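A.B. asks: coords.txt is reproduced in full below (compact mmCIF, C-alpha atoms and all ligand atoms).
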# COMPACT_ATOMS: atom_id res chain seq x y z
CA MET A 1063 13.71 -21.77 -10.15
CA SER A 1064 14.17 -18.14 -11.20
CA HIS A 1065 14.85 -15.48 -8.59
CA VAL A 1066 12.27 -12.92 -7.54
CA LEU A 1067 13.74 -9.78 -6.00
CA VAL A 1068 11.75 -7.99 -3.29
CA VAL A 1069 12.70 -4.43 -2.41
CA VAL A 1070 12.49 -3.90 1.37
CA GLU A 1071 11.11 -0.57 2.52
CA ALA A 1072 12.52 -0.26 6.03
CA THR A 1073 15.54 1.12 7.77
CA ASP A 1074 15.05 -0.05 11.36
CA GLY A 1075 15.84 -3.72 10.85
CA SER A 1076 12.22 -4.84 10.72
CA ILE A 1077 10.21 -6.01 7.73
CA PRO A 1078 6.97 -4.07 7.35
CA LYS A 1079 3.76 -5.97 6.60
CA PRO A 1080 3.59 -4.89 2.91
CA THR A 1081 7.10 -6.36 2.43
CA GLN A 1082 6.02 -9.60 4.16
CA GLU A 1083 3.18 -9.71 1.62
CA LEU A 1084 5.61 -9.25 -1.28
CA LEU A 1085 7.76 -12.11 0.06
CA THR A 1086 4.69 -14.35 0.24
CA LEU A 1087 3.87 -13.55 -3.40
CA ALA A 1088 7.54 -14.00 -4.39
CA SER A 1089 7.59 -17.51 -2.86
CA ARG A 1090 4.69 -18.46 -5.12
CA ILE A 1091 6.45 -17.47 -8.33
CA GLY A 1092 10.12 -18.18 -7.71
CA SER A 1093 13.03 -18.12 -5.29
CA PRO A 1094 12.71 -14.96 -3.13
CA ALA A 1095 15.64 -12.59 -2.61
CA VAL A 1096 15.59 -9.21 -0.87
CA VAL A 1097 17.54 -6.02 -1.20
CA VAL A 1098 17.91 -3.97 1.98
CA PHE A 1099 19.31 -0.45 2.21
CA GLY A 1100 20.91 1.08 5.30
CA SER A 1101 22.86 0.04 8.36
CA ASN A 1102 20.31 -2.42 9.84
CA GLY A 1103 20.58 -4.76 6.86
CA GLN A 1104 21.67 -7.85 8.77
CA LYS A 1105 18.66 -7.65 11.12
CA ALA A 1106 16.30 -6.96 8.23
CA ALA A 1107 17.77 -9.92 6.30
CA GLU A 1108 16.98 -12.24 9.23
CA ALA A 1109 13.46 -10.81 9.46
CA ALA A 1110 13.00 -11.38 5.71
CA GLY A 1111 14.20 -14.98 6.18
CA ALA A 1112 11.16 -15.57 8.39
CA PHE A 1113 9.04 -14.97 5.29
CA GLY A 1114 11.04 -17.10 2.86
CA ALA A 1115 13.90 -14.86 1.64
CA GLU A 1116 16.65 -17.19 0.43
CA LYS A 1117 19.11 -14.43 -0.44
CA ALA A 1118 19.63 -10.98 1.01
CA PHE A 1119 21.62 -8.24 -0.71
CA LEU A 1120 22.74 -5.53 1.72
CA VAL A 1121 23.55 -2.07 0.41
CA GLU A 1122 25.03 -0.31 3.43
CA ASP A 1123 26.53 2.67 1.55
CA ALA A 1124 25.02 5.79 3.15
CA THR A 1125 24.53 7.32 -0.32
CA ALA A 1126 21.34 5.29 -0.72
CA GLU A 1127 19.90 6.86 2.44
CA GLU A 1128 21.20 10.37 1.89
CA TYR A 1129 19.91 10.93 -1.64
CA LEU A 1130 16.44 10.51 -3.13
CA VAL A 1131 15.54 7.30 -5.00
CA VAL A 1132 18.19 7.29 -7.78
CA PRO A 1133 20.94 5.49 -5.79
CA GLN A 1134 18.43 2.78 -4.87
CA ALA A 1135 17.42 2.41 -8.52
CA GLU A 1136 21.09 2.06 -9.54
CA ALA A 1137 21.76 -0.54 -6.83
CA ILE A 1138 18.66 -2.58 -7.73
CA ALA A 1139 19.61 -2.54 -11.42
CA GLN A 1140 23.06 -3.89 -10.50
CA ILE A 1141 21.58 -6.66 -8.30
CA ALA A 1142 19.07 -7.50 -11.06
CA LYS A 1143 22.01 -8.18 -13.38
CA THR A 1144 23.68 -10.42 -10.75
CA LEU A 1145 20.49 -12.47 -10.36
CA THR A 1146 19.90 -12.65 -14.12
CA ASP A 1147 23.40 -14.13 -14.53
CA ASP A 1148 22.78 -16.53 -11.60
CA GLY A 1149 19.87 -18.64 -12.84
CA GLY A 1150 17.54 -15.91 -14.09
CA LEU A 1151 15.33 -13.18 -12.66
CA ALA A 1152 11.54 -13.59 -13.07
CA ALA A 1153 10.40 -10.41 -11.33
CA ILE A 1154 11.20 -7.49 -9.07
CA LEU A 1155 8.43 -6.63 -6.61
CA PHE A 1156 7.92 -3.20 -5.04
CA THR A 1157 5.38 -1.89 -2.54
CA ALA A 1158 3.01 0.71 -4.02
CA SER A 1159 4.35 3.64 -2.00
CA SER A 1160 5.45 6.89 -3.63
CA ASP A 1161 9.12 5.83 -3.40
CA GLY A 1162 8.30 2.29 -4.55
CA ARG A 1163 6.51 3.52 -7.67
CA GLU A 1164 9.27 5.95 -8.60
CA ILE A 1165 12.14 3.53 -8.04
CA ALA A 1166 10.29 0.79 -9.96
CA ALA A 1167 9.86 3.05 -12.97
CA ARG A 1168 13.53 4.02 -12.94
CA VAL A 1169 14.65 0.39 -12.62
CA ALA A 1170 12.38 -0.62 -15.53
CA VAL A 1171 14.06 1.97 -17.74
CA LYS A 1172 17.57 1.02 -16.56
CA ILE A 1173 17.19 -2.71 -17.21
CA ASP A 1174 14.84 -2.37 -20.21
CA ALA A 1175 12.00 -4.31 -18.61
CA GLY A 1176 8.20 -4.05 -18.56
CA LEU A 1177 6.48 -2.35 -15.61
CA LEU A 1178 3.06 -3.18 -14.11
CA THR A 1179 1.67 -0.98 -11.33
CA ASP A 1180 -1.10 -1.26 -8.73
CA ALA A 1181 -1.22 -5.05 -8.83
CA VAL A 1182 -3.49 -6.78 -6.30
CA ASP A 1183 -2.11 -10.25 -6.99
CA VAL A 1184 0.83 -11.87 -8.76
CA ARG A 1185 1.03 -15.44 -10.07
CA ALA A 1186 3.17 -17.61 -12.32
CA GLY A 1187 2.10 -17.52 -15.98
CA ASP A 1188 2.94 -19.69 -18.96
CA ASN A 1189 6.55 -20.18 -20.08
CA GLY A 1190 8.03 -18.84 -16.85
CA GLY A 1191 6.27 -15.49 -17.19
CA VAL A 1192 4.63 -13.59 -14.36
CA VAL A 1193 1.01 -12.44 -14.42
CA ALA A 1194 -0.06 -9.36 -12.45
CA VAL A 1195 -3.72 -8.88 -11.56
CA GLN A 1196 -5.08 -5.33 -11.45
CA ASN A 1197 -8.54 -3.90 -10.60
CA VAL A 1198 -9.50 -1.00 -12.86
CA PHE A 1199 -12.37 1.47 -13.47
CA ALA A 1200 -13.68 1.61 -9.90
CA ALA A 1201 -12.88 -2.11 -9.61
CA SER A 1202 -15.51 -2.95 -12.24
CA PHE A 1203 -12.94 -4.89 -14.31
CA VAL A 1204 -10.18 -7.29 -13.34
CA VAL A 1205 -7.22 -7.11 -15.72
CA GLU A 1206 -4.48 -9.71 -16.01
CA ALA A 1207 -1.27 -8.49 -17.61
CA THR A 1208 2.17 -9.87 -18.27
CA VAL A 1209 5.34 -8.18 -19.47
CA THR A 1210 6.77 -9.15 -22.82
CA HIS A 1211 10.28 -7.82 -22.31
CA GLY A 1212 12.73 -8.46 -19.49
CA PRO A 1213 11.84 -9.49 -15.94
CA ALA A 1214 8.45 -8.25 -14.72
CA ILE A 1215 8.75 -5.11 -12.58
CA VAL A 1216 5.58 -5.22 -10.49
CA VAL A 1217 4.34 -2.61 -8.01
CA VAL A 1218 1.93 -4.30 -5.60
CA LYS A 1219 -0.68 -2.59 -3.42
CA PRO A 1220 -0.56 -3.27 0.33
CA ASN A 1221 -3.01 -5.91 1.61
CA ALA A 1222 -2.86 -7.91 -1.63
CA VAL A 1223 -2.31 -11.14 0.29
CA ALA A 1224 -2.07 -12.39 3.90
CA PRO A 1225 1.63 -12.82 4.81
CA GLU A 1226 2.65 -16.49 5.23
CA PRO A 1227 5.66 -17.16 7.49
CA LYS A 1228 8.22 -19.57 6.01
CA ALA A 1229 11.47 -19.82 7.98
CA VAL A 1230 14.63 -19.80 5.86
CA THR A 1231 18.18 -18.69 6.63
CA PRO A 1232 19.09 -16.31 3.83
CA VAL A 1233 22.49 -16.22 2.17
CA VAL A 1234 23.67 -12.68 2.84
CA GLU A 1235 25.78 -10.73 0.35
CA ASN A 1236 27.17 -7.23 0.85
CA VAL A 1237 26.89 -5.19 -2.32
CA THR A 1238 29.18 -2.35 -3.33
CA VAL A 1239 27.74 0.03 -5.89
CA ALA A 1240 29.67 2.66 -7.86
CA PHE A 1241 26.97 5.33 -7.81
CA SER A 1242 26.91 7.81 -10.69
CA ASP A 1243 27.16 11.58 -10.15
CA LEU A 1244 23.52 11.78 -11.29
CA ALA A 1245 22.53 9.59 -8.34
CA LYS A 1246 23.58 12.44 -6.04
CA SER A 1247 21.37 15.11 -7.64
CA ALA A 1248 18.70 15.35 -4.92
CA LYS A 1249 19.91 15.23 -1.33
CA ILE A 1250 17.66 14.60 1.67
CA THR A 1251 18.29 17.56 3.98
CA GLY A 1252 16.13 16.58 6.95
CA ARG A 1253 13.91 13.89 8.38
CA THR A 1254 11.28 14.55 11.05
CA GLU A 1255 9.41 11.64 12.49
CA ARG A 1256 5.67 12.23 12.58
CA ALA A 1257 4.07 11.94 16.03
CA SER A 1258 2.43 8.53 16.23
CA THR A 1259 -1.34 8.33 16.68
CA GLY A 1260 -0.99 4.73 17.82
CA ARG A 1261 -3.18 3.73 14.85
CA PRO A 1262 -1.92 1.84 11.81
CA GLU A 1263 -0.53 3.71 8.81
CA LEU A 1264 -3.46 4.64 6.54
CA ALA A 1265 -1.97 3.32 3.29
CA ASP A 1266 -1.07 -0.10 4.78
CA ALA A 1267 -4.00 -0.61 7.16
CA ALA A 1268 -6.07 -3.77 6.89
CA ILE A 1269 -9.13 -1.86 8.13
CA VAL A 1270 -9.93 1.80 7.41
CA VAL A 1271 -12.79 3.77 8.95
CA SER A 1272 -13.44 6.97 6.97
CA GLY A 1273 -15.72 9.89 7.70
CA GLY A 1274 -17.14 12.61 5.47
CA ARG A 1275 -19.21 15.76 5.48
CA GLY A 1276 -22.12 13.80 6.93
CA LEU A 1277 -20.33 13.93 10.30
CA GLY A 1278 -21.40 17.57 10.51
CA SER A 1279 -18.34 18.89 12.39
CA ALA A 1280 -14.79 18.12 13.50
CA ASP A 1281 -16.25 16.63 16.69
CA GLY A 1282 -17.99 14.03 14.55
CA PHE A 1283 -14.60 12.42 14.00
CA GLN A 1284 -14.60 11.28 17.64
CA LEU A 1285 -17.19 8.74 16.54
CA ILE A 1286 -14.96 7.63 13.66
CA GLU A 1287 -11.87 7.41 15.90
CA GLY A 1288 -13.81 5.42 18.50
CA LEU A 1289 -14.93 2.85 15.95
CA ALA A 1290 -11.45 2.76 14.39
CA ASP A 1291 -9.83 2.06 17.77
CA GLN A 1292 -12.26 -0.76 18.51
CA LEU A 1293 -11.30 -2.38 15.20
CA GLY A 1294 -7.56 -1.56 15.26
CA ALA A 1295 -8.17 0.50 12.13
CA ALA A 1296 -6.72 3.62 10.52
CA VAL A 1297 -8.84 6.75 10.15
CA GLY A 1298 -9.60 8.19 6.71
CA ALA A 1299 -11.48 11.29 5.62
CA SER A 1300 -13.17 12.62 2.50
CA ARG A 1301 -11.89 15.79 0.94
CA ALA A 1302 -15.01 17.68 1.99
CA ALA A 1303 -14.20 16.84 5.62
CA VAL A 1304 -10.53 17.78 5.15
CA ASP A 1305 -11.36 21.04 3.31
CA ALA A 1306 -13.70 21.97 6.16
CA GLY A 1307 -10.69 21.66 8.50
CA TRP A 1308 -12.22 18.76 10.43
CA TYR A 1309 -9.34 16.33 9.88
CA SER A 1310 -5.77 16.33 8.59
CA HIS A 1311 -5.01 16.22 4.86
CA ALA A 1312 -2.62 13.33 5.67
CA ASN A 1313 -5.76 11.23 6.23
CA GLN A 1314 -7.57 12.18 3.01
CA VAL A 1315 -8.56 9.22 0.86
CA GLY A 1316 -9.04 9.70 -2.86
CA GLN A 1317 -7.68 11.06 -6.09
CA THR A 1318 -5.85 13.93 -4.41
CA GLY A 1319 -5.28 12.03 -1.16
CA LYS A 1320 -4.06 8.54 -0.29
CA THR A 1321 -4.92 5.32 -2.10
CA VAL A 1322 -5.95 2.56 0.28
CA SER A 1323 -6.66 -1.07 -0.41
CA PRO A 1324 -7.74 -2.55 2.92
CA GLN A 1325 -9.58 -5.78 3.64
CA LEU A 1326 -12.41 -3.72 5.13
CA TYR A 1327 -13.38 -0.07 4.42
CA PHE A 1328 -16.08 1.90 6.23
CA ALA A 1329 -17.46 4.97 4.40
CA ILE A 1330 -19.48 6.89 6.97
CA GLY A 1331 -21.35 10.02 5.91
CA ILE A 1332 -19.52 9.94 2.58
CA SER A 1333 -21.51 10.28 -0.66
CA GLY A 1334 -19.08 8.27 -2.80
CA ALA A 1335 -17.94 10.84 -5.39
CA ILE A 1336 -15.74 9.38 -8.15
CA GLN A 1337 -12.70 11.21 -6.75
CA HIS A 1338 -13.20 9.53 -3.36
CA ARG A 1339 -13.79 6.12 -4.93
CA ALA A 1340 -10.53 6.46 -6.88
CA GLY A 1341 -8.71 6.09 -3.56
CA MET A 1342 -10.61 3.14 -2.07
CA GLN A 1343 -12.22 1.20 -4.90
CA THR A 1344 -9.95 -1.82 -4.46
CA ALA A 1345 -10.93 -2.39 -0.82
CA LYS A 1346 -11.96 -6.02 -0.45
CA THR A 1347 -15.18 -5.29 1.50
CA VAL A 1348 -16.88 -1.89 1.68
CA VAL A 1349 -19.44 -0.95 4.33
CA ALA A 1350 -21.35 2.31 3.76
CA ILE A 1351 -23.45 4.17 6.30
CA ASN A 1352 -25.47 7.00 4.79
CA LYS A 1353 -28.91 8.49 5.42
CA ASP A 1354 -29.53 8.91 1.67
CA GLU A 1355 -30.38 5.58 0.05
CA GLU A 1356 -29.57 7.10 -3.38
CA ALA A 1357 -25.96 7.96 -2.36
CA PRO A 1358 -23.54 6.66 -5.04
CA ILE A 1359 -21.41 4.92 -2.39
CA PHE A 1360 -24.08 2.21 -2.21
CA GLU A 1361 -23.25 1.21 -5.84
CA LEU A 1362 -19.83 0.12 -4.60
CA ALA A 1363 -20.72 -1.08 -1.10
CA ASP A 1364 -20.87 -4.75 -0.16
CA TYR A 1365 -22.92 -3.85 2.91
CA GLY A 1366 -25.04 -0.70 3.04
CA ILE A 1367 -26.83 0.74 6.05
CA VAL A 1368 -29.35 3.51 5.32
CA GLY A 1369 -29.67 5.60 8.45
CA ASP A 1370 -28.37 8.45 10.55
CA LEU A 1371 -24.73 7.76 11.38
CA ASN A 1372 -25.24 9.21 14.87
CA ALA A 1373 -27.65 6.38 15.58
CA VAL A 1374 -26.01 3.59 13.53
CA VAL A 1375 -22.36 3.94 14.61
CA PRO A 1376 -23.03 3.74 18.38
CA GLN A 1377 -25.17 0.61 17.79
CA LEU A 1378 -22.35 -0.88 15.74
CA GLN A 1379 -19.86 -0.07 18.52
CA ALA A 1380 -22.11 -1.61 21.17
CA GLU A 1381 -22.42 -4.79 19.09
CA ILE A 1382 -18.63 -4.99 18.58
CA THR A 1383 -18.07 -4.53 22.33
CA LYS A 1384 -20.60 -7.29 23.06
CA ARG A 1385 -18.99 -9.73 20.61
CA LYS A 1386 -15.47 -8.99 21.83
CA SER A 1387 -16.31 -9.66 25.49
C1 LIG I 1 -9.98 17.48 -8.81
C2 LIG I 1 -10.75 16.95 -7.63
C3 LIG I 1 -10.11 16.10 -6.76
C4 LIG I 1 -10.79 15.58 -5.65
N1 LIG I 1 -10.15 14.70 -4.81
C5 LIG I 1 -10.86 14.15 -3.80
C6 LIG I 1 -10.25 13.19 -2.94
O1 LIG I 1 -9.05 12.88 -3.04
N2 LIG I 1 -11.01 12.64 -1.98
C7 LIG I 1 -12.33 12.96 -1.79
O2 LIG I 1 -12.97 12.40 -0.89
N3 LIG I 1 -12.92 13.86 -2.58
C8 LIG I 1 -12.21 14.48 -3.57
N4 LIG I 1 -12.82 15.43 -4.32
C9 LIG I 1 -14.13 15.95 -3.91
C10 LIG I 1 -15.30 15.07 -4.31
O3 LIG I 1 -15.76 15.43 -5.60
C11 LIG I 1 -16.47 15.27 -3.32
O4 LIG I 1 -16.81 16.62 -3.28
C12 LIG I 1 -16.15 14.79 -1.91
O5 LIG I 1 -15.64 13.48 -1.94
C13 LIG I 1 -17.42 14.81 -1.08
O6 LIG I 1 -17.13 14.45 0.25
P1 LIG I 1 -18.28 13.83 1.16
O7 LIG I 1 -18.74 12.57 0.52
O8 LIG I 1 -17.75 13.79 2.53
O9 LIG I 1 -19.39 14.98 1.14
P2 LIG I 1 -20.81 14.98 0.44
O10 LIG I 1 -20.72 14.69 -1.01
O11 LIG I 1 -21.42 16.28 0.86
O12 LIG I 1 -21.56 13.77 1.12
C14 LIG I 1 -21.94 13.74 2.46
C15 LIG I 1 -22.82 12.51 2.62
O13 LIG I 1 -23.16 12.36 3.98
C16 LIG I 1 -24.49 11.91 4.06
N5 LIG I 1 -25.01 12.32 5.38
C17 LIG I 1 -25.25 13.57 5.83
N6 LIG I 1 -25.64 13.53 7.11
C18 LIG I 1 -25.67 12.23 7.47
C19 LIG I 1 -26.00 11.55 8.67
N7 LIG I 1 -26.37 12.21 9.78
N8 LIG I 1 -25.93 10.19 8.68
C20 LIG I 1 -25.56 9.50 7.58
N9 LIG I 1 -25.22 10.10 6.41
C21 LIG I 1 -25.27 11.45 6.36
C22 LIG I 1 -25.19 12.59 2.90
O14 LIG I 1 -26.36 11.86 2.53
C23 LIG I 1 -24.11 12.57 1.83
O15 LIG I 1 -24.22 11.42 1.00
C24 LIG I 1 -12.15 15.95 -5.43
C25 LIG I 1 -12.78 16.83 -6.33
C26 LIG I 1 -12.09 17.31 -7.41
C27 LIG I 1 -12.80 18.23 -8.36
Could you spell out this file's structure in structure tokens?

C.D. replies:
Amino acid sequence: MSHVLVVVEATDGSIPKPTQELLTLASRIGSPAVVVFGSNGQKAAEAAGAFGAEKAFLVEDATAEEYLVVPQAEAIAQIAKTLTDDGGLAAILFTASSDGREIAARVAVKIDAGLLTDAVDVRAGDNGGVVAVQNVFAASFVVEATVTHGPAIVVVKPNAVAPEPKAVTPVVENVTVAFSDLAKSAKITGRTERASTGRPELADAAIVVSGGRGLGSADGFQLIEGLADQLGAAVGASRAAVDAGWYSHANQVGQTGKTVSPQLYFAIGISGAIQHRAGMQTAKTVVAINKDEEAPIFELADYGIVGDLNAVVPQLQAEITKRKS
């Protein structure tokens, strides 16, 4: 069976949920291997083994952590060659983060392979190929694509699949990379950890509760946060709400904000402008609460509630509390 290389995005020895999802997809199409950067590689390799990683390549050279993206791309290209020579490489899977997208593109150029981005599923195709499934045009079309040259480089959106544990003890290999001078062009000069809200990361969250101008004020977000906390969800915001100074830009969903692809998305007091939809159109289930029955968000919603959010959301919260008790 051909190898499938999964690029781990973590430095603390854990395997984040989007990487667990990639490993689950990798197990379906080949023999999963991971590449881990940084000093916690051994711990991360064991964590990846819990989700089926049969091989783990550890790149402990600090260069990969001190410089932006290029050293990682060079290391992955080197490992891709090793796996190609050792039984074949079907695919390299990346999480659709800003680093993931950039490194994937660089690796595709380095190893002369086709690149598919924003996949929501990956499966084995004919003749050992790999098929990536993408949702396009406000999720009105499902596209299946395969690469015709080299291993498939696929960037997969978080929440594409539920992670499936599969305990394996990975064969661990330390990798030494002779980084080029070019790899050291952009140095990371500082890292500041953002204060945690205790809520999940917006881009990876399985449930997102978003609020818009219909909330009427910054205080309206207390309603959104309350519902989000009941559901263990992340909080999102429309640009109108962000521009009004009601919520942080880090939480903006849309064309000029974050792209989310949760299992469940609440759009509350949000009209559903195309630029907002661009950031949430691949959510599996969309619930819209809006007092205007003509609001465009209802074209996309699986469940629509026409009503005043100040009346609907508290009723929803009361019902959730009742069902949880
Ligand atoms: C280049 C560009 C990039 C952009 N990028 C983004 C982006 O990344 N993300 C983004 O969101 N937007 C983006 N926009 C802005 C976008 O076009 C819209 O203006 C914005 O999404 C509107 O936000 P909204 O839905 O909160 O506000 P509105 O369009 O004003 O909608 C508010 C909604 O709340 C409803 N409402 C009001 N009161 C209540 C109530 N009491 N109960 C229930 N419903 C109520 C109204 O019926 C209305 O539908 C961008 C625009 C441009 C030009």

A.B. asks: What are the closest atom pairs, with distances in Å to one decimal, for each residue of range 1168-1257 of chain A lying within 7 Å of range 1108-1128 of chain A, using all atoms listed in the file, rows by chain and rising residue number, as a Markdown table?

C.D. replies:
| residue | atom | partner | partner_atom | distance |
| --- | --- | --- | --- | --- |
| A:Glu1226 | CA | A:Phe1113 | CA | 6.6 |
| A:Pro1227 | CA | A:Phe1113 | CA | 4.6 |
| A:Lys1228 | CA | A:Phe1113 | CA | 4.7 |
| A:Ala1229 | CA | A:Ala1112 | CA | 4.3 |
| A:Val1230 | CA | A:Gly1111 | CA | 4.8 |
| A:Thr1231 | CA | A:Gly1111 | CA | 5.5 |
| A:Pro1232 | CA | A:Glu1116 | CA | 4.3 |
| A:Val1233 | CA | A:Lys1117 | CA | 4.6 |
| A:Val1234 | CA | A:Ala1118 | CA | 4.7 |
| A:Glu1235 | CA | A:Phe1119 | CA | 5.0 |
| A:Asn1236 | CA | A:Leu1120 | CA | 4.8 |
| A:Val1237 | CA | A:Val1121 | CA | 5.3 |
| A:Thr1238 | CA | A:Val1121 | CA | 6.8 |
| A:Lys1249 | CA | A:Glu1128 | CA | 6.0 |
| A:Ile1250 | CA | A:Glu1128 | CA | 5.5 |

A.B. asks: For ligand LIG 1 (chain I), list the contacting residues at 7 Å or closer, counting all atoms listed in the file, as a ChimeraX atom specification.

C.D. replies: /A:1273-1278,1299-1303,1314-1319,1330-1338,1341,1351-1354,1357,1369-1372

A.B. asks: Can you list, as a ChimeraX atom specification, every protein, DNA or RNA residue that comes within 7 Å of Gly1092 in chain A when you count all atoms listed in the file, leaving out same-chain residues fewer than 6 positions away?

C.D. replies: /A:1063-1066

A.B. asks: Between A:Thr1344, A:Ser1279, A:Ser1242, A:Asn1313, which has the minimum distance to Asp1183 in chain A (counting all atoms listed in the file)?

C.D. replies: A:Thr1344

A.B. asks: Hey, can you check how far CA of Val1131 in chain A sits from CA of Phe1099 in chain A?

C.D. replies: 11.2 Å

A.B. asks: For each of A:Asn1189, A:Ile1359, A:Lys1219, A:Val1070, take the minimum atom-to-atom distance to Ala1107 in chain A, counting all atoms listed in the file, then give the residue where this is smallest.

C.D. replies: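 Among the listed residues, A:Val1070 lies closest to Ala1107 in chain A.
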
A.B. asks: A:Gln1284, A:Ala1245, A:Ile1173, A:Val1184: which is nearest Ala1088 in chain A, counting all atoms listed in the file?

C.D. replies: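 Closest residue, counting all atoms listed in the file: A:Val1184.
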
A.B. asks: With all atoms listed in the file as the basis for distance, which of A:Gln1196, A:Thr1081, A:Thr1383, A:Ser1089 is at the shortest distance from Thr1208 in chain A?

C.D. replies: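 Result for the nearest residue to Thr1208 in chain A: A:Gln1196.
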
A.B. asks: Report, in Å to a single decimal, how far apart CA of Asp1161 in chain A and CA of Ala1222 in chain A are.

C.D. replies: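 So the two atoms, CA of Ala1222 in chain A and CA of Asp1161 in chain A, lie 18.3 Å apart.
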
A.B. asks: Can you tell me how far CA of Ala1340 in chain A sits from CA of Phe1283 in chain A, in Å to one decimal?

C.D. replies: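 About the pair CA of Ala1340 in chain A and CA of Phe1283 in chain A: they are 22.1 Å apart.
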
A.B. asks: I'd like the neighbourhood of Pro1262 in chain A as an mmCIF file with C-alpha atoms, in the coordinates of the input, where a residue qualifies if any of its atoms comes within 9 Å (using only C-alpha atoms), though same-chain residues fewer than 5 positions away should be ignored.

C.D. replies:
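Heads up, here's the output in out-v7.cif:
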data_model
loop_
_atom_site.group_PDB
_atom_site.id
_atom_site.type_symbol
_atom_site.label_atom_id
_atom_site.label_comp_id
_atom_site.auth_asym_id
_atom_site.auth_seq_id
_atom_site.Cartn_x
_atom_site.Cartn_y
_atom_site.Cartn_z
ATOM 1 C CA ALA A 1267 -4.000 -0.610 7.160
ATOM 2 C CA ALA A 1268 -6.070 -3.770 6.890
ATOM 3 C CA ILE A 1269 -9.130 -1.860 8.130
ATOM 4 C CA GLY A 1294 -7.560 -1.560 15.260
ATOM 5 C CA ALA A 1295 -8.170 0.500 12.130
ATOM 6 C CA ALA A 1296 -6.720 3.620 10.520
ATOM 7 C CA VAL A 1297 -8.840 6.750 10.150
#

A.B. asks: Of the residues A:Ala1265, A:Ala1095, A:Val1217, A:Val1069, which is the one nearest to Thr1144 in chain A, using only C-alpha atoms?

C.D. replies: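 With only C-alpha atoms as the atom set, the closest residue is A:Ala1095.
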
A.B. asks: Could range 1196-1211 of chain A be completed with N, CA and C atoms and returned as a PDB file, in the coordinates of the input?

C.D. replies:
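Now in selection00.pdb:
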ATOM      1  N   GLN A1196      -4.767  -6.710 -11.839  1.00  0.00           N
ATOM      2  CA  GLN A1196      -5.080  -5.330 -11.450  1.00  0.00           C
ATOM      3  C   GLN A1196      -6.600  -5.122 -11.481  1.00  0.00           C
ATOM      4  N   ASN A1197      -7.119  -4.308 -10.562  1.00  0.00           N
ATOM      5  CA  ASN A1197      -8.540  -3.900 -10.600  1.00  0.00           C
ATOM      6  C   ASN A1197      -8.587  -2.510 -11.210  1.00  0.00           C
ATOM      7  N   VAL A1198      -9.452  -2.316 -12.212  1.00  0.00           N
ATOM      8  CA  VAL A1198      -9.500  -1.000 -12.860  1.00  0.00           C
ATOM      9  C   VAL A1198     -10.934  -0.487 -12.963  1.00  0.00           C
ATOM     10  N   PHE A1199     -11.069   0.804 -13.310  1.00  0.00           N
ATOM     11  CA  PHE A1199     -12.370   1.470 -13.470  1.00  0.00           C
ATOM     12  C   PHE A1199     -13.282   1.190 -12.272  1.00  0.00           C
ATOM     13  N   ALA A1200     -12.914   1.769 -11.136  1.00  0.00           N
ATOM     14  CA  ALA A1200     -13.680   1.610  -9.900  1.00  0.00           C
ATOM     15  C   ALA A1200     -13.903   0.135  -9.592  1.00  0.00           C
ATOM     16  N   ALA A1201     -12.883  -0.672  -9.879  1.00  0.00           N
ATOM     17  CA  ALA A1201     -12.880  -2.110  -9.610  1.00  0.00           C
ATOM     18  C   ALA A1201     -13.986  -2.848 -10.361  1.00  0.00           C
ATOM     19  N   SER A1202     -14.467  -2.249 -11.486  1.00  0.00           N
ATOM     20  CA  SER A1202     -15.510  -2.950 -12.240  1.00  0.00           C
ATOM     21  C   SER A1202     -14.906  -3.951 -13.233  1.00  0.00           C
ATOM     22  N   PHE A1203     -13.609  -3.899 -13.457  1.00  0.00           N
ATOM     23  CA  PHE A1203     -12.940  -4.890 -14.310  1.00  0.00           C
ATOM     24  C   PHE A1203     -11.698  -5.421 -13.598  1.00  0.00           C
ATOM     25  N   VAL A1204     -11.430  -6.703 -13.815  1.00  0.00           N
ATOM     26  CA  VAL A1204     -10.180  -7.290 -13.340  1.00  0.00           C
ATOM     27  C   VAL A1204      -9.323  -7.528 -14.580  1.00  0.00           C
ATOM     28  N   VAL A1205      -8.119  -6.994 -14.566  1.00  0.00           N
ATOM     29  CA  VAL A1205      -7.220  -7.110 -15.720  1.00  0.00           C
ATOM     30  C   VAL A1205      -6.046  -7.997 -15.338  1.00  0.00           C
ATOM     31  N   GLU A1206      -5.693  -8.923 -16.210  1.00  0.00           N
ATOM     32  CA  GLU A1206      -4.480  -9.710 -16.010  1.00  0.00           C
ATOM     33  C   GLU A1206      -3.482  -9.276 -17.070  1.00  0.00           C
ATOM     34  N   ALA A1207      -2.267  -8.986 -16.660  1.00  0.00           N
ATOM     35  CA  ALA A1207      -1.270  -8.490 -17.610  1.00  0.00           C
ATOM     36  C   ALA A1207       0.060  -9.166 -17.356  1.00  0.00           C
ATOM     37  N   THR A1208       0.829  -9.291 -18.408  1.00  0.00           N
ATOM     38  CA  THR A1208       2.170  -9.870 -18.270  1.00  0.00           C
ATOM     39  C   THR A1208       3.143  -9.019 -19.084  1.00  0.00           C
ATOM     40  N   VAL A1209       4.391  -8.979 -18.690  1.00  0.00           N
ATOM     41  CA  VAL A1209       5.340  -8.180 -19.470  1.00  0.00           C
ATOM     42  C   VAL A1209       5.931  -9.051 -20.579  1.00  0.00           C
ATOM     43  N   THR A1210       6.266  -8.406 -21.670  1.00  0.00           N
ATOM     44  CA  THR A1210       6.770  -9.150 -22.820  1.00  0.00           C
ATOM     45  C   THR A1210       8.271  -8.919 -23.020  1.00  0.00           C
ATOM     46  N   HIS A1211       8.850  -8.099 -22.134  1.00  0.00           N
ATOM     47  CA  HIS A1211      10.280  -7.820 -22.310  1.00  0.00           C
ATOM     48  C   HIS A1211      10.974  -7.700 -20.963  1.00  0.00           C
TER      49      HIS A1211
END
